[in-house]
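A.B. asks: The structure that follows is given in the form of C-alpha cells.
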Amino acid sequence: MLNDQIKQALAVLKDGGVILYPTDTVWGLGCDATNEQAVEKINAIKGRSNDKSFIILLDTDAKLQSYVTEIPDVAYDLIEYAESPLTIIFSGAKNLAKNVINVDGSVGVRVVKHDFCEQLIQRFRKPITSTSANLSGQPTPKFFDDISDEIKDAVDYIVDWEQDLSVDKKPSTIMKLAPGGQFSFIRR
C-alpha cells in the first residue's frame with residue numbers, strides 16, 4: 001500500500017500538483033520545490049502571502065550541496081544527531097523556485113526521517129516543500145482529522161497513509177546556521 005501511495009503522489013508532483021501528506025512532523029502541503037507555479041498553488045490554497053519562504057525536505061544530507069552554496073561542517077553532525085525533527089536555515093539557496101527562497105537568500109531545509117517522505121523524495125529526485133496543512137493564520141492541525149475540508153478539497157492528492165495515526169506530532173525545531181557555523185534558534 002505504501003508503494004501505491006508513493007507512486008500516486010509522485011505522479012502529482014511531477015505534474016506540478018500539490019499533495020497533502022504525512023511528514024516526520026505535522027501533516028503538510030507539498031509540491032516540487034523547483035516549480036514556481038506549484039509553489040504559487042500552495043500559497044493560494046493557504047491564503048498566504050507570496051513573500052513567505054518555505055521549508056524544503058530532502059531524503060539525505062548528501063543532497064544539501066545541490067541546494068545550498070555554503071554548508072558548515074557542523075550541519076552534518078546536527079542532522080545526524082538530532083533527536084527530533086530539525087529544520088536548518090542555510091544562507092545561499094540555489095537551484096530552487098525563487099518563491100521558495102527567503103528574501104535574504106536563505107532556505108530552511110529538513111532531512112526527513114520518515115518512511116513515506118524519504119521514499120517519495122528519493123524517487124522524485126528533487127526536494128519537496130513542506131508547510132503545515134492549514135489556512136494562513138489558523139492553528140496548525142495536530143492530526144489528519146483536524147485538517148479543514150477547505151484544504152482537503154483544494155489539493156490535487158491526499159496521501160492515504162498515517163491518517164489514523166494519533167501520535168501528537170509537533171512542528172520541527174528551526175535553527176538558523178551561518179556559513180561560519182554560528183547558530184541561533186528560531187523555534188524550539
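Naming works like this for the C-alpha cells: A, B, ... for the chains as they're shown, residue 1 at the start of each chain, ligands 1 onward in shown order.
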When you look at range 57-60 of chain A with a cut-off of 7 Å (counting only C-alpha atoms), what residues show up, excluding the ones that are within fewer than 3 positions of it in the same chain? I need them as a ChimeraX atom specification.
C.D. replies: /A:63,109-112,118,121-122,127-130
A.B. asks: Mind dumping the selected residues with C-alpha atoms as a PDB file, in the first residue's frame?
C.D. replies:
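File selection_15.pdb, as written:
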```pdb
ATOM      1  CA  LYS A  63      21.802  16.370  -1.448  1.00  0.00           C
ATOM      2  CA  VAL A 109      15.982  22.515   4.937  1.00  0.00           C
ATOM      3  CA  ARG A 110      14.950  19.416   6.847  1.00  0.00           C
ATOM      4  CA  VAL A 111      16.397  15.991   6.147  1.00  0.00           C
ATOM      5  CA  VAL A 112      13.458  13.739   6.949  1.00  0.00           C
ATOM      6  CA  GLU A 118      12.182   9.513   2.361  1.00  0.00           C
ATOM      7  CA  ILE A 121      11.803  12.301  -2.240  1.00  0.00           C
ATOM      8  CA  GLN A 122      14.308   9.626  -3.225  1.00  0.00           C
ATOM      9  CA  PRO A 127      13.207  18.402  -2.832  1.00  0.00           C
ATOM     10  CA  ILE A 128       9.568  18.938  -1.940  1.00  0.00           C
ATOM     11  CA  THR A 129       8.089  21.806   0.029  1.00  0.00           C
ATOM     12  CA  SER A 130       6.650  21.359   3.457  1.00  0.00           C
TER      13      SER A 130
END
```
A.B. asks: Tell me, as a list in words, which residues lie within 8 Å of range 70-86 of chain A, counting only C-alpha atoms; anything in the same chain fewer than 4 positions away does not count.
C.D. replies: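 Final neighbour list, sorted by chain and number: Asp24, Thr25, Asp61, Leu64, Gln65, Phe90, Ser91, Gly92, Arg110, Val111, Val112, Lys113, Pro171, Ser172, Thr173, Ile174, Met175, Leu177, Ala178, Pro179, Gly180 and Gly181 of chain A.
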A.B. asks: Grab the CA of Ala33 in chain A to CA of Val100 in chain A distance for me, in Å with one decimal place.
C.D. replies: 6.7 Å
A.B. asks: Could you pull out all residues of range 28-104 of chain A with a DSSP call of helix (DSSP H, G or I) and give them as a list in words?
C.D. replies: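 Restricting range 28-104 of chain A to helix (DSSP H, G or I) produces Glu36, Gln37, Ala38, Val39, Glu40, Lys41, Ile42, Asn43, Ala44, Ile45, Lys46, Asp61, Ala62, Lys63, Leu64, Gln65, Ser66, Tyr67, Asp73, Val74, Ala75, Tyr76, Asp77, Leu78, Ile79, Glu80 and Tyr81 of chain A.
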A.B. asks: Excluding range 146-161 of chain A and residues on its chain fewer than 2 positions from it, collect all residues at most 6 Å away from it, counting only C-alpha atoms, and give them as a list in words.
C.D. replies: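 Result of the neighbour search: Gly17, Val18, Ile19, Leu20, Tyr21, Pro141, Phe143, Phe144 and Gln163 of chain A.
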A.B. asks: How about saving the chosen residues, N, CA and C atoms kept, as an mmCIF file, in the first residue's frame?
C.D. replies:
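Dumped everything to again.cif:
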```cif
data_model
loop_
_atom_site.group_PDB
_atom_site.id
_atom_site.type_symbol
_atom_site.label_atom_id
_atom_site.label_comp_id
_atom_site.auth_asym_id
_atom_site.auth_seq_id
_atom_site.Cartn_x
_atom_site.Cartn_y
_atom_site.Cartn_z
ATOM 1 N N GLY A 17 1.487 19.360 -9.328
ATOM 2 C CA GLY A 17 0.376 19.417 -8.389
ATOM 3 C C GLY A 17 0.811 19.550 -6.941
ATOM 4 N N VAL A 18 -0.204 19.641 -6.071
ATOM 5 C CA VAL A 18 0.004 19.797 -4.633
ATOM 6 C C VAL A 18 -0.551 18.574 -3.923
ATOM 7 N N ILE A 19 0.242 18.036 -2.992
ATOM 8 C CA ILE A 19 -0.188 16.885 -2.201
ATOM 9 C C ILE A 19 -0.380 17.286 -0.742
ATOM 10 N N LEU A 20 -1.279 16.577 -0.085
ATOM 11 C CA LEU A 20 -1.469 16.665 1.360
ATOM 12 C C LEU A 20 -0.892 15.368 1.893
ATOM 13 N N TYR A 21 0.151 15.453 2.722
ATOM 14 C CA TYR A 21 0.888 14.246 3.077
ATOM 15 C C TYR A 21 1.417 14.256 4.512
ATOM 16 N N PRO A 141 -2.860 22.011 12.364
ATOM 17 C CA PRO A 141 -3.594 20.800 12.753
ATOM 18 C C PRO A 141 -2.644 19.735 13.305
ATOM 19 N N PHE A 143 -3.622 16.518 13.925
ATOM 20 C CA PHE A 143 -3.972 15.221 13.369
ATOM 21 C C PHE A 143 -4.655 15.416 12.016
ATOM 22 N N PHE A 144 -4.703 14.362 11.221
ATOM 23 C CA PHE A 144 -5.321 14.445 9.905
ATOM 24 C C PHE A 144 -6.764 14.947 9.999
ATOM 25 N N GLN A 163 -3.251 8.366 8.204
ATOM 26 C CA GLN A 163 -4.385 9.242 8.506
ATOM 27 C C GLN A 163 -4.993 8.934 9.869
#
```
A.B. asks: So that I can see what lies close to Ala93 in chain A, please list as a list in words the residues with an atom at most 8 Å from it, counting only C-alpha atoms and leaving out residues fewer than 5 positions away in the same chain.
C.D. replies: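 The filter keeps Tyr67, Val68, Thr69, Ile101, Gly105, Ser106 and Val107 of chain A.
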A.B. asks: Which neighbours of Phe116 in chain A fall inside 9 Å, counting only C-alpha atoms, when residues of the same chain fewer than 4 positions from it are skipped, and could you give them as a list of chain:residue names?
C.D. replies: A:Leu2, A:Asn3, A:Gln5, A:Ile6, A:Tyr21, A:Pro22, A:Thr23, A:Leu120, A:Ile121, A:Trp161
A.B. asks: Write out the residues from the selection above, keeping all heavy atoms, as a PDB file, in the first residue's frame.
C.D. replies:
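Written output follows (result_28.pdb):
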```pdb
ATOM      1  N   LEU A   2       1.930   1.286   0.794  1.00  0.00           N
ATOM      2  CA  LEU A   2       2.818   2.453   0.827  1.00  0.00           C
ATOM      3  C   LEU A   2       3.356   2.740  -0.567  1.00  0.00           C
ATOM      4  O   LEU A   2       3.362   3.889  -1.014  1.00  0.00           O
ATOM      5  CB  LEU A   2       3.965   2.240   1.824  1.00  0.00           C
ATOM      6  CG  LEU A   2       4.993   3.370   1.912  1.00  0.00           C
ATOM      7  CD1 LEU A   2       4.340   4.671   2.365  1.00  0.00           C
ATOM      8  CD2 LEU A   2       6.116   2.998   2.866  1.00  0.00           C
ATOM      9  N   ASN A   3       3.767   1.708  -1.263  1.00  0.00           N
ATOM     10  CA  ASN A   3       4.316   1.873  -2.602  1.00  0.00           C
ATOM     11  C   ASN A   3       3.299   2.510  -3.549  1.00  0.00           C
ATOM     12  O   ASN A   3       3.646   3.386  -4.351  1.00  0.00           O
ATOM     13  CB  ASN A   3       4.800   0.529  -3.139  1.00  0.00           C
ATOM     14  CG  ASN A   3       5.737   0.693  -4.307  1.00  0.00           C
ATOM     15  OD1 ASN A   3       6.546   1.611  -4.353  1.00  0.00           O
ATOM     16  ND2 ASN A   3       5.619  -0.201  -5.270  1.00  0.00           N
ATOM     17  N   GLN A   5       0.819   4.507  -2.700  1.00  0.00           N
ATOM     18  CA  GLN A   5       0.661   5.900  -2.285  1.00  0.00           C
ATOM     19  C   GLN A   5       1.816   6.761  -2.809  1.00  0.00           C
ATOM     20  O   GLN A   5       1.611   7.887  -3.259  1.00  0.00           O
ATOM     21  CB  GLN A   5       0.582   5.998  -0.758  1.00  0.00           C
ATOM     22  CG  GLN A   5      -0.653   5.382  -0.171  1.00  0.00           C
ATOM     23  CD  GLN A   5      -1.904   6.093  -0.625  1.00  0.00           C
ATOM     24  OE1 GLN A   5      -2.041   7.294  -0.474  1.00  0.00           O
ATOM     25  NE2 GLN A   5      -2.827   5.353  -1.213  1.00  0.00           N
ATOM     26  N   ILE A   6       3.018   6.206  -2.754  1.00  0.00           N
ATOM     27  CA  ILE A   6       4.191   6.934  -3.245  1.00  0.00           C
ATOM     28  C   ILE A   6       4.075   7.153  -4.751  1.00  0.00           C
ATOM     29  O   ILE A   6       4.323   8.254  -5.251  1.00  0.00           O
ATOM     30  CB  ILE A   6       5.497   6.184  -2.877  1.00  0.00           C
ATOM     31  CG1 ILE A   6       5.724   6.284  -1.359  1.00  0.00           C
ATOM     32  CG2 ILE A   6       6.684   6.747  -3.641  1.00  0.00           C
ATOM     33  CD1 ILE A   6       6.794   5.394  -0.824  1.00  0.00           C
ATOM     34  N   TYR A  21       0.151  15.453   2.722  1.00  0.00           N
ATOM     35  CA  TYR A  21       0.888  14.246   3.077  1.00  0.00           C
ATOM     36  C   TYR A  21       1.417  14.256   4.512  1.00  0.00           C
ATOM     37  O   TYR A  21       1.638  15.313   5.090  1.00  0.00           O
ATOM     38  CB  TYR A  21       2.039  14.046   2.087  1.00  0.00           C
ATOM     39  CG  TYR A  21       3.145  15.084   2.198  1.00  0.00           C
ATOM     40  CD1 TYR A  21       4.393  14.722   2.693  1.00  0.00           C
ATOM     41  CD2 TYR A  21       2.958  16.404   1.814  1.00  0.00           C
ATOM     42  CE1 TYR A  21       5.413  15.658   2.795  1.00  0.00           C
ATOM     43  CE2 TYR A  21       3.964  17.332   1.908  1.00  0.00           C
ATOM     44  CZ  TYR A  21       5.186  16.959   2.415  1.00  0.00           C
ATOM     45  OH  TYR A  21       6.203  17.886   2.527  1.00  0.00           O
ATOM     46  N   PRO A  22       1.632  13.060   5.072  1.00  0.00           N
ATOM     47  CA  PRO A  22       2.199  12.959   6.416  1.00  0.00           C
ATOM     48  C   PRO A  22       3.714  13.176   6.347  1.00  0.00           C
ATOM     49  O   PRO A  22       4.360  12.815   5.369  1.00  0.00           O
ATOM     50  CB  PRO A  22       1.881  11.523   6.823  1.00  0.00           C
ATOM     51  CG  PRO A  22       1.881  10.764   5.536  1.00  0.00           C
ATOM     52  CD  PRO A  22       1.347  11.731   4.508  1.00  0.00           C
ATOM     53  N   THR A  23       4.246  13.801   7.385  1.00  0.00           N
ATOM     54  CA  THR A  23       5.697  14.004   7.456  1.00  0.00           C
ATOM     55  C   THR A  23       6.196  13.515   8.803  1.00  0.00           C
ATOM     56  O   THR A  23       5.429  12.976   9.597  1.00  0.00           O
ATOM     57  CB  THR A  23       6.073  15.505   7.297  1.00  0.00           C
ATOM     58  OG1 THR A  23       5.722  16.208   8.498  1.00  0.00           O
ATOM     59  CG2 THR A  23       5.397  16.137   6.090  1.00  0.00           C
ATOM     60  N   LEU A 120       9.486   8.900  -1.116  1.00  0.00           N
ATOM     61  CA  LEU A 120       8.926   9.805  -2.115  1.00  0.00           C
ATOM     62  C   LEU A 120      10.004  10.731  -2.675  1.00  0.00           C
ATOM     63  O   LEU A 120      10.154  10.865  -3.894  1.00  0.00           O
ATOM     64  CB  LEU A 120       7.787  10.630  -1.511  1.00  0.00           C
ATOM     65  CG  LEU A 120       7.148  11.657  -2.438  1.00  0.00           C
ATOM     66  CD1 LEU A 120       6.474  10.984  -3.625  1.00  0.00           C
ATOM     67  CD2 LEU A 120       6.145  12.524  -1.663  1.00  0.00           C
ATOM     68  N   ILE A 121      10.770  11.355  -1.794  1.00  0.00           N
ATOM     69  CA  ILE A 121      11.803  12.301  -2.240  1.00  0.00           C
ATOM     70  C   ILE A 121      12.907  11.576  -2.993  1.00  0.00           C
ATOM     71  O   ILE A 121      13.419  12.076  -4.002  1.00  0.00           O
ATOM     72  CB  ILE A 121      12.355  13.100  -1.034  1.00  0.00           C
ATOM     73  CG1 ILE A 121      11.222  13.924  -0.400  1.00  0.00           C
ATOM     74  CG2 ILE A 121      13.504  14.005  -1.463  1.00  0.00           C
ATOM     75  CD1 ILE A 121      11.532  14.440   0.985  1.00  0.00           C
ATOM     76  N   TRP A 161      -2.091   7.538   4.024  1.00  0.00           N
ATOM     77  CA  TRP A 161      -1.095   6.861   4.846  1.00  0.00           C
ATOM     78  C   TRP A 161      -1.004   7.624   6.154  1.00  0.00           C
ATOM     79  O   TRP A 161      -0.900   8.850   6.147  1.00  0.00           O
ATOM     80  CB  TRP A 161       0.260   6.857   4.125  1.00  0.00           C
ATOM     81  CG  TRP A 161       1.317   6.067   4.805  1.00  0.00           C
ATOM     82  CD1 TRP A 161       2.339   6.552   5.577  1.00  0.00           C
ATOM     83  CD2 TRP A 161       1.479   4.655   4.797  1.00  0.00           C
ATOM     84  NE1 TRP A 161       3.114   5.534   6.047  1.00  0.00           N
ATOM     85  CE2 TRP A 161       2.608   4.342   5.579  1.00  0.00           C
ATOM     86  CE3 TRP A 161       0.775   3.609   4.211  1.00  0.00           C
ATOM     87  CZ2 TRP A 161       3.046   3.051   5.782  1.00  0.00           C
ATOM     88  CZ3 TRP A 161       1.212   2.323   4.414  1.00  0.00           C
ATOM     89  CH2 TRP A 161       2.340   2.047   5.181  1.00  0.00           C
TER      90      TRP A 161
END
```
A.B. asks: Nearest residue to Ala133 in chain A out of A:Asp145, A:Leu165, A:Asp115, A:Glu36, using only C-alpha atoms?
C.D. replies: A:Asp145
A.B. asks: Quick one: residues within 9 Å of Leu13 in chain A, only C-alpha atoms, excluding same-chain residues fewer than 2 positions away - as a PyMOL selection string?
C.D. replies: chain A and resi 8-11+15-19+30-32+38+124+128
A.B. asks: Keeping C-alpha atoms for every residue in the selection just given, could you write it to a file as a JSON list (two decimals), in the first residue's frame?
C.D. replies:
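Printed below is again-v4.json as written:
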```json
[["chain", "number", "residue", "atom", "x", "y", "z"],
["A", 8, "GLN", "CA", 0.35, 8.34, -6.93],
["A", 9, "ALA", "CA", 1.96, 11.23, -5.01],
["A", 10, "LEU", "CA", 4.95, 11.09, -7.35],
["A", 11, "ALA", "CA", 2.73, 11.43, -10.42],
["A", 15, "ASP", "CA", 2.65, 17.13, -12.95],
["A", 16, "GLY", "CA", 3.12, 20.30, -10.86],
["A", 17, "GLY", "CA", 0.38, 19.42, -8.39],
["A", 18, "VAL", "CA", 0.00, 19.80, -4.63],
["A", 19, "ILE", "CA", -0.19, 16.88, -2.20],
["A", 30, "GLY", "CA", 3.90, 19.67, -0.59],
["A", 31, "CYS", "CA", 4.94, 20.29, -4.15],
["A", 32, "ASP", "CA", 8.05, 20.33, -6.32],
["A", 38, "ALA", "CA", 3.35, 24.68, -7.97],
["A", 124, "PHE", "CA", 11.26, 12.19, -7.11],
["A", 128, "ILE", "CA", 9.57, 18.94, -1.94]]
```
A.B. asks: Enter the distance from CA of Gly28 in chain A to CA of Asp104 in chain A, in Å, rounded to one decimal.
C.D. replies: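 Going from CA of Gly28 in chain A over to CA of Asp104 in chain A, I get 24.2 Å.
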A.B. asks: Write out as a PyMOL selection string the set of residues from chain A that DSSP, computed on the backbone, places in strand (DSSP E).
C.D. replies: chain A and resi 19-21+28-30+55-58+86-90+107-111+128-132+157-158+173-177+183-187
